[in-house]
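One file, query07.tsv, carrying TSV, N, CA and C atoms:
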```
chain	number	residue	atom	x	y	z
A	844	MET	N	35.08	38.34	36.14
A	844	MET	CA	34.27	37.50	36.99
A	844	MET	C	33.05	36.96	36.23
A	845	ARG	N	32.51	37.80	35.34
A	845	ARG	CA	31.36	37.35	34.54
A	845	ARG	C	31.73	36.18	33.65
A	846	LEU	N	32.95	36.24	33.10
A	846	LEU	CA	33.40	35.16	32.23
A	846	LEU	C	33.45	33.85	33.00
A	847	LEU	N	33.88	33.91	34.25
A	847	LEU	CA	33.93	32.71	35.08
A	847	LEU	C	32.54	32.11	35.23
A	848	TRP	N	31.55	32.94	35.48
A	848	TRP	CA	30.17	32.45	35.61
A	848	TRP	C	29.67	31.85	34.31
A	849	VAL	N	29.94	32.51	33.19
A	849	VAL	CA	29.49	32.02	31.89
A	849	VAL	C	30.12	30.65	31.60
A	850	LEU	N	31.43	30.54	31.84
A	850	LEU	CA	32.10	29.26	31.59
A	850	LEU	C	31.60	28.18	32.54
A	851	GLY	N	31.32	28.55	33.77
A	851	GLY	CA	30.78	27.59	34.72
A	851	GLY	C	29.42	27.07	34.30
A	852	VAL	N	28.54	27.98	33.88
A	852	VAL	CA	27.20	27.59	33.42
A	852	VAL	C	27.30	26.72	32.17
A	853	LEU	N	28.18	27.12	31.24
A	853	LEU	CA	28.37	26.34	30.02
A	853	LEU	C	28.86	24.94	30.34
A	854	SER	N	29.81	24.83	31.25
A	854	SER	CA	30.33	23.51	31.63
A	854	SER	C	29.24	22.65	32.26
A	855	VAL	N	28.44	23.25	33.14
A	855	VAL	CA	27.36	22.49	33.79
A	855	VAL	C	26.35	22.03	32.75
A	856	MET	N	26.02	22.90	31.79
A	856	MET	CA	25.06	22.52	30.74
A	856	MET	C	25.60	21.36	29.91
A	857	LEU	N	26.88	21.41	29.56
A	857	LEU	CA	27.46	20.33	28.76
A	857	LEU	C	27.49	19.02	29.55
A	858	VAL	N	27.80	19.11	30.82
A	858	VAL	CA	27.84	17.91	31.65
A	858	VAL	C	26.44	17.30	31.74
A	859	GLN	N	25.42	18.13	31.89
A	859	GLN	CA	24.06	17.63	32.00
A	859	GLN	C	23.58	16.99	30.71
A	860	ARG	N	24.02	17.52	29.57
A	860	ARG	CA	23.60	16.98	28.27
A	860	ARG	C	24.37	15.73	27.86
A	861	ALA	N	25.53	15.56	28.44
A	861	ALA	CA	26.35	14.39	28.07
A	861	ALA	C	25.70	13.13	28.62
A	862	PRO	N	25.80	12.03	27.87
A	862	PRO	CA	25.25	10.78	28.39
A	862	PRO	C	25.96	10.40	29.68
A	863	ALA	N	25.21	9.76	30.54
A	863	ALA	CA	25.78	9.36	31.83
A	863	ALA	C	26.98	8.45	31.59
A	864	GLN	N	28.07	8.84	32.14
A	864	GLN	CA	29.27	8.02	32.02
A	864	GLN	C	30.07	8.16	33.29
A	865	ARG	N	30.75	7.13	33.60
A	865	ARG	CA	31.54	7.14	34.81
A	865	ARG	C	33.00	7.15	34.41
A	866	TRP	N	33.74	8.09	34.97
A	866	TRP	CA	35.16	8.16	34.68
A	866	TRP	C	35.91	7.17	35.56
A	867	ALA	N	36.92	6.58	34.97
A	867	ALA	CA	37.81	5.70	35.73
A	867	ALA	C	38.61	6.57	36.71
A	868	PRO	N	39.05	5.98	37.81
A	868	PRO	CA	39.81	6.77	38.79
A	868	PRO	C	41.02	7.48	38.19
A	869	GLU	N	41.69	6.82	37.23
A	869	GLU	CA	42.86	7.48	36.64
A	869	GLU	C	42.47	8.73	35.85
A	870	HIS	N	41.26	8.76	35.29
A	870	HIS	CA	40.82	9.95	34.57
A	870	HIS	C	40.53	11.11	35.52
A	871	VAL	N	39.99	10.79	36.68
A	871	VAL	CA	39.76	11.83	37.68
A	871	VAL	C	41.10	12.40	38.14
A	872	VAL	N	42.07	11.53	38.38
A	872	VAL	CA	43.40	11.99	38.81
A	872	VAL	C	44.05	12.81	37.70
A	873	LEU	N	44.02	12.33	36.47
A	873	LEU	CA	44.63	13.05	35.36
A	873	LEU	C	43.93	14.39	35.09
A	874	ALA	N	42.61	14.42	35.19
A	874	ALA	CA	41.87	15.67	34.99
A	874	ALA	C	42.25	16.69	36.07
A	875	THR	N	42.36	16.21	37.28
A	875	THR	CA	42.74	17.10	38.38
A	875	THR	C	44.17	17.59	38.21
A	876	THR	N	45.07	16.70	37.82
A	876	THR	CA	46.47	17.07	37.63
A	876	THR	C	46.63	18.06	36.49
A	877	SER	N	45.99	17.79	35.35
A	877	SER	CA	46.13	18.69	34.21
A	877	SER	C	45.53	20.06	34.53
A	878	THR	N	44.41	20.09	35.22
A	878	THR	CA	43.80	21.37	35.60
A	878	THR	C	44.70	22.12	36.58
A	879	THR	N	45.32	21.39	37.49
A	879	THR	CA	46.24	22.03	38.44
A	879	THR	C	47.40	22.68	37.72
A	880	PHE	N	47.96	22.00	36.73
A	880	PHE	CA	49.08	22.59	35.99
A	880	PHE	C	48.64	23.78	35.14
A	881	ILE	N	47.43	23.77	34.63
A	881	ILE	CA	46.92	24.94	33.91
A	881	ILE	C	46.84	26.12	34.88
A	882	LEU	N	46.37	25.88	36.09
A	882	LEU	CA	46.29	26.94	37.10
A	882	LEU	C	47.68	27.43	37.51
A	883	LEU	N	48.65	26.53	37.63
A	883	LEU	CA	50.01	26.93	37.96
A	883	LEU	C	50.62	27.77	36.84
A	884	ASP	N	50.34	27.41	35.60
A	884	ASP	CA	50.79	28.20	34.46
A	884	ASP	C	50.19	29.60	34.53
A	885	TRP	N	48.91	29.67	34.85
A	885	TRP	CA	48.22	30.94	35.01
A	885	TRP	C	48.89	31.80	36.08
A	886	MET	N	49.19	31.18	37.22
A	886	MET	CA	49.82	31.91	38.33
A	886	MET	C	51.19	32.48	37.95
A	887	THR	N	52.01	31.66	37.31
A	887	THR	CA	53.36	32.13	36.97
A	887	THR	C	53.33	33.18	35.87
A	888	THR	N	52.42	33.04	34.92
A	888	THR	CA	52.30	34.04	33.87
A	888	THR	C	51.80	35.36	34.45
A	889	ALA	N	50.87	35.29	35.39
A	889	ALA	CA	50.39	36.51	36.06
A	889	ALA	C	51.53	37.17	36.83
A	890	ASP	N	52.42	36.38	37.42
A	890	ASP	CA	53.58	36.93	38.11
A	890	ASP	C	54.47	37.69	37.13
A	891	ALA	N	54.66	37.15	35.94
A	891	ALA	CA	55.48	37.83	34.94
A	891	ALA	C	54.86	39.17	34.54
A	892	ILE	N	53.55	39.19	34.37
A	892	ILE	CA	52.88	40.43	33.98
A	892	ILE	C	53.01	41.46	35.10
A	893	ARG	N	52.80	41.04	36.34
A	893	ARG	CA	52.87	41.97	37.47
A	893	ARG	C	54.28	42.49	37.71
A	894	ARG	N	55.28	41.66	37.49
A	894	ARG	CA	56.66	42.08	37.76
A	894	ARG	C	57.07	43.28	36.92
A	895	CYS	N	56.63	43.31	35.69
A	895	CYS	CA	56.99	44.44	34.85
A	895	CYS	C	56.19	45.67	35.26
A	896	GLY	N	54.95	45.45	35.68
A	896	GLY	CA	54.16	46.52	36.25
A	896	GLY	C	53.91	47.70	35.35
A	897	ASN	N	54.29	47.64	34.13
A	897	ASN	CA	54.12	48.77	33.22
A	897	ASN	C	52.88	48.55	32.38
A	898	GLN	N	51.73	48.90	32.93
A	898	GLN	CA	50.46	48.77	32.21
A	898	GLN	C	50.17	47.32	31.84
A	899	GLY	N	50.65	46.38	32.62
A	899	GLY	CA	50.40	44.98	32.35
A	899	GLY	C	51.23	44.42	31.20
A	900	VAL	N	52.33	45.08	30.86
A	900	VAL	CA	53.15	44.63	29.74
A	900	VAL	C	54.27	43.73	30.27
A	901	ILE	N	54.46	42.60	29.62
A	901	ILE	CA	55.55	41.71	29.99
A	901	ILE	C	56.83	42.26	29.38
A	902	CYS	N	57.86	42.41	30.20
A	902	CYS	CA	59.11	42.96	29.67
A	902	CYS	C	60.07	41.85	29.31
A	903	THR	N	61.02	42.17	28.48
A	903	THR	CA	62.00	41.19	28.06
A	903	THR	C	62.89	40.82	29.23
A	904	PRO	N	63.42	39.64	29.33
A	904	PRO	CA	63.34	38.60	28.32
A	904	PRO	C	62.12	37.71	28.46
A	905	SER	N	61.18	38.01	29.36
A	905	SER	CA	60.02	37.13	29.51
A	905	SER	C	58.86	37.58	28.64
A	906	VAL	N	59.04	37.55	27.36
A	906	VAL	CA	57.95	37.86	26.43
A	906	VAL	C	57.08	36.63	26.32
A	907	GLU	N	55.78	36.83	26.39
A	907	GLU	CA	54.83	35.71	26.33
A	907	GLU	C	55.02	34.93	25.04
A	908	GLN	N	55.03	33.61	25.16
A	908	GLN	CA	55.26	32.77	23.99
A	908	GLN	C	53.99	32.12	23.47
A	909	ASN	N	52.89	32.25	24.21
A	909	ASN	CA	51.62	31.69	23.76
A	909	ASN	C	51.01	32.64	22.72
A	910	PRO	N	50.87	32.20	21.47
A	910	PRO	CA	50.35	33.10	20.42
A	910	PRO	C	48.91	33.55	20.67
A	911	LEU	N	48.14	32.79	21.44
A	911	LEU	CA	46.77	33.21	21.74
A	911	LEU	C	46.73	34.42	22.66
A	912	LEU	N	47.73	34.54	23.53
A	912	LEU	CA	47.77	35.66	24.46
A	912	LEU	C	48.37	36.92	23.86
A	913	GLY	N	49.20	36.76	22.84
A	913	GLY	CA	49.90	37.91	22.28
A	913	GLY	C	51.21	38.13	23.02
A	914	LYS	N	52.01	39.08	22.55
A	914	LYS	CA	53.33	39.32	23.12
A	914	LYS	C	53.29	39.95	24.50
A	915	SER	N	52.29	40.78	24.77
A	915	SER	CA	52.22	41.44	26.09
A	915	SER	C	50.77	41.50	26.56
A	916	PRO	N	50.25	40.39	27.05
A	916	PRO	CA	48.84	40.34	27.46
A	916	PRO	C	48.59	41.10	28.76
A	917	SER	N	47.36	41.52	28.93
A	917	SER	CA	46.96	42.12	30.20
A	917	SER	C	46.52	40.99	31.13
A	918	LEU	N	46.34	41.31	32.39
A	918	LEU	CA	45.86	40.30	33.34
A	918	LEU	C	44.45	39.84	32.97
A	919	THR	N	43.64	40.74	32.41
A	919	THR	CA	42.28	40.38	32.00
A	919	THR	C	42.32	39.37	30.86
A	920	THR	N	43.17	39.60	29.88
A	920	THR	CA	43.32	38.66	28.77
A	920	THR	C	43.80	37.31	29.29
A	921	LEU	N	44.77	37.34	30.20
A	921	LEU	CA	45.28	36.10	30.78
A	921	LEU	C	44.18	35.34	31.51
A	922	ARG	N	43.39	36.05	32.30
A	922	ARG	CA	42.28	35.41	33.03
A	922	ARG	C	41.31	34.74	32.06
A	923	ALA	N	40.92	35.47	31.03
A	923	ALA	CA	39.94	34.95	30.08
A	923	ALA	C	40.45	33.67	29.41
A	924	TRP	N	41.68	33.70	28.89
A	924	TRP	CA	42.21	32.54	28.19
A	924	TRP	C	42.49	31.38	29.14
A	925	SER	N	42.87	31.68	30.38
A	925	SER	CA	43.12	30.61	31.35
A	925	SER	C	41.82	29.91	31.72
A	926	LEU	N	40.75	30.67	31.87
A	926	LEU	CA	39.46	30.05	32.16
A	926	LEU	C	38.96	29.22	30.98
A	927	VAL	N	39.22	29.70	29.77
A	927	VAL	CA	38.87	28.91	28.58
A	927	VAL	C	39.69	27.61	28.56
A	928	ALA	N	40.97	27.69	28.94
A	928	ALA	CA	41.82	26.50	28.96
A	928	ALA	C	41.33	25.48	29.98
A	929	VAL	N	40.98	25.95	31.18
A	929	VAL	CA	40.49	25.03	32.20
A	929	VAL	C	39.19	24.37	31.75
A	930	SER	N	38.26	25.17	31.26
A	930	SER	CA	36.98	24.62	30.80
A	930	SER	C	37.17	23.70	29.60
A	931	GLY	N	37.98	24.13	28.66
A	931	GLY	CA	38.23	23.31	27.47
A	931	GLY	C	38.88	21.98	27.80
A	932	ASN	N	39.78	21.99	28.77
A	932	ASN	CA	40.43	20.76	29.20
A	932	ASN	C	39.39	19.78	29.74
A	933	LEU	N	38.54	20.25	30.64
A	933	LEU	CA	37.57	19.35	31.26
A	933	LEU	C	36.46	18.93	30.30
A	934	VAL	N	35.97	19.88	29.51
A	934	VAL	CA	34.91	19.54	28.55
A	934	VAL	C	35.45	18.62	27.46
A	935	GLY	N	36.70	18.89	27.03
A	935	GLY	CA	37.32	18.01	26.03
A	935	GLY	C	37.41	16.58	26.53
A	936	GLY	N	37.82	16.41	27.77
A	936	GLY	CA	37.88	15.08	28.36
A	936	GLY	C	36.51	14.44	28.50
A	937	LEU	N	35.53	15.26	28.82
A	937	LEU	CA	34.17	14.76	28.97
A	937	LEU	C	33.60	14.25	27.64
A	938	LEU	N	33.92	14.94	26.56
A	938	LEU	CA	33.35	14.59	25.26
A	938	LEU	C	34.01	13.36	24.63
A	939	LEU	N	35.18	12.99	25.10
A	939	LEU	CA	35.85	11.80	24.55
A	939	LEU	C	35.23	10.55	25.15
A	940	ARG	N	34.73	9.70	24.29
A	940	ARG	CA	34.00	8.51	24.76
A	940	ARG	C	34.93	7.34	25.09
A	941	ARG	N	35.95	7.17	24.31
A	941	ARG	CA	36.83	6.02	24.51
A	941	ARG	C	37.81	6.29	25.65
A	942	ARG	N	37.99	5.28	26.43
A	942	ARG	CA	38.81	5.40	27.63
A	942	ARG	C	40.24	5.81	27.30
A	943	TRP	N	40.84	5.19	26.30
A	943	TRP	CA	42.22	5.49	25.95
A	943	TRP	C	42.37	6.91	25.43
A	944	MET	N	41.36	7.40	24.71
A	944	MET	CA	41.43	8.76	24.18
A	944	MET	C	41.42	9.79	25.32
A	945	ARG	N	40.58	9.54	26.31
A	945	ARG	CA	40.51	10.44	27.47
A	945	ARG	C	41.84	10.42	28.23
A	946	THR	N	42.42	9.23	28.34
A	946	THR	CA	43.72	9.13	29.03
A	946	THR	C	44.78	9.92	28.28
A	947	VAL	N	44.82	9.77	26.96
A	947	VAL	CA	45.80	10.50	26.15
A	947	VAL	C	45.56	12.00	26.25
A	948	TRP	N	44.30	12.42	26.22
A	948	TRP	CA	43.95	13.85	26.31
A	948	TRP	C	44.51	14.47	27.59
A	949	PHE	N	44.15	13.88	28.72
A	949	PHE	CA	44.56	14.45	30.00
A	949	PHE	C	46.06	14.30	30.25
A	950	ALA	N	46.65	13.17	29.84
A	950	ALA	CA	48.08	12.98	30.01
A	950	ALA	C	48.87	13.97	29.16
A	951	SER	N	48.42	14.21	27.93
A	951	SER	CA	49.09	15.17	27.05
A	951	SER	C	49.00	16.58	27.61
A	952	THR	N	47.82	16.95	28.07
A	952	THR	CA	47.66	18.28	28.66
A	952	THR	C	48.55	18.43	29.88
A	953	THR	N	48.61	17.40	30.70
A	953	THR	CA	49.46	17.44	31.89
A	953	THR	C	50.92	17.62	31.51
A	954	MET	N	51.40	16.85	30.53
A	954	MET	CA	52.82	16.93	30.13
A	954	MET	C	53.15	18.31	29.56
A	955	ILE	N	52.29	18.82	28.70
A	955	ILE	CA	52.54	20.13	28.09
A	955	ILE	C	52.56	21.22	29.15
A	956	GLU	N	51.56	21.23	30.01
A	956	GLU	CA	51.50	22.25	31.05
A	956	GLU	C	52.64	22.10	32.05
A	957	PHE	N	53.05	20.87	32.35
A	957	PHE	CA	54.20	20.66	33.23
A	957	PHE	C	55.44	21.32	32.65
A	958	MET	N	55.68	21.11	31.35
A	958	MET	CA	56.85	21.71	30.71
A	958	MET	C	56.78	23.23	30.73
A	959	VAL	N	55.59	23.80	30.53
A	959	VAL	CA	55.42	25.25	30.55
A	959	VAL	C	55.70	25.78	31.96
A	960	VAL	N	55.15	25.14	32.97
A	960	VAL	CA	55.36	25.58	34.35
A	960	VAL	C	56.84	25.44	34.72
A	961	GLN	N	57.45	24.35	34.33
A	961	GLN	CA	58.87	24.15	34.60
A	961	GLN	C	59.70	25.28	33.97
A	962	HIS	N	59.39	25.62	32.73
A	962	HIS	CA	60.08	26.72	32.05
A	962	HIS	C	59.90	28.04	32.81
A	963	ASN	N	58.66	28.30	33.24
A	963	ASN	CA	58.37	29.54	33.95
A	963	ASN	C	59.12	29.61	35.29
A	964	VAL	N	59.17	28.50	36.00
A	964	VAL	CA	59.86	28.48	37.29
A	964	VAL	C	61.37	28.67	37.08
A	965	HIS	N	61.91	28.03	36.06
A	965	HIS	CA	63.34	28.21	35.77
A	965	HIS	C	63.65	29.63	35.34
A	966	ALA	N	62.66	30.33	34.80
A	966	ALA	CA	62.85	31.73	34.42
A	966	ALA	C	62.74	32.66	35.63
A	967	GLY	N	62.47	32.08	36.80
A	967	GLY	CA	62.42	32.89	38.02
A	967	GLY	C	61.03	33.37	38.41
A	968	LEU	N	60.01	32.87	37.74
A	968	LEU	CA	58.66	33.29	38.08
A	968	LEU	C	58.16	32.52	39.29
A	969	ARG	N	57.28	33.16	40.06
A	969	ARG	CA	56.78	32.56	41.30
A	969	ARG	C	55.29	32.28	41.20
A	970	PHE	N	54.85	31.41	42.09
A	970	PHE	CA	53.42	31.09	42.21
A	970	PHE	C	52.79	32.12	43.14
A	971	SER	N	51.73	32.73	42.66
A	971	SER	CA	51.03	33.71	43.47
A	971	SER	C	49.54	33.49	43.28
A	972	LEU	N	48.80	33.52	44.38
A	972	LEU	CA	47.35	33.30	44.28
A	972	LEU	C	46.60	34.54	43.82
A	973	ASN	N	47.32	35.59	43.48
A	973	ASN	CA	46.68	36.80	42.93
A	973	ASN	C	46.61	36.69	41.42
A	974	PHE	N	45.62	35.96	40.93
A	974	PHE	CA	45.51	35.79	39.48
A	974	PHE	C	45.14	37.11	38.89
```

Is it possible to give me this structure as structure tokens?
Amino acid sequence: MRLLWVLGVLSVMLVQRAPAQRWAPEHVVLATTSTTFILLDWMTTADAIRRCGNQGVICTPSVEQNPLLGKSPSLTTLRAWSLVAVSGNLVGGLLLRRRWMRTVWFASTTMIEFMVVQHNVHAGLRFSLNF
């Protein structure tokens, strides 16, 4: 929970320091969509960790494929990296000045996360609000 507060404060500080800029409507939609897919990825990965239930270890064949999380992450590790991903996605989009770059950033994040979520759902993982 502390990490969430730290990331929130950091994001607010970066937004306040950034020059005033107005996002185009498509950037707001893409930022929301990409963030939603990051959260869906978080939910399905948490489901995989909980299903094995053995000290938070993911059992085969659903071994975690994200090298940042490691082969068998705990729910705490998953929470930390997921919050970093959400913040990084939004701050990354905020720092890009050119309109086309921001569009590519959010569209790429959306496509990658969509493929990850699709893979997780096909593997039988479910969406659960118990992150």

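Going from atom CA of A:Arg969 over to atom CA of A:Thr887, you cover 5.5 Å.
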
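Here atom CA of A:Trp866 is placed at a distance of 24.2 Å from atom CA of A:Leu883.
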
Exercise. May I ask for the distance between atom C of A:Leu937 and atom C of A:Leu918, given in Å to one decimal place?
Key: 28.3 Å

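Nearest residue to A:Val964 among A:Ser877, A:Ala891, A:Thr952, A:Leu912 is A:Ala891, counting only C-alpha atoms.
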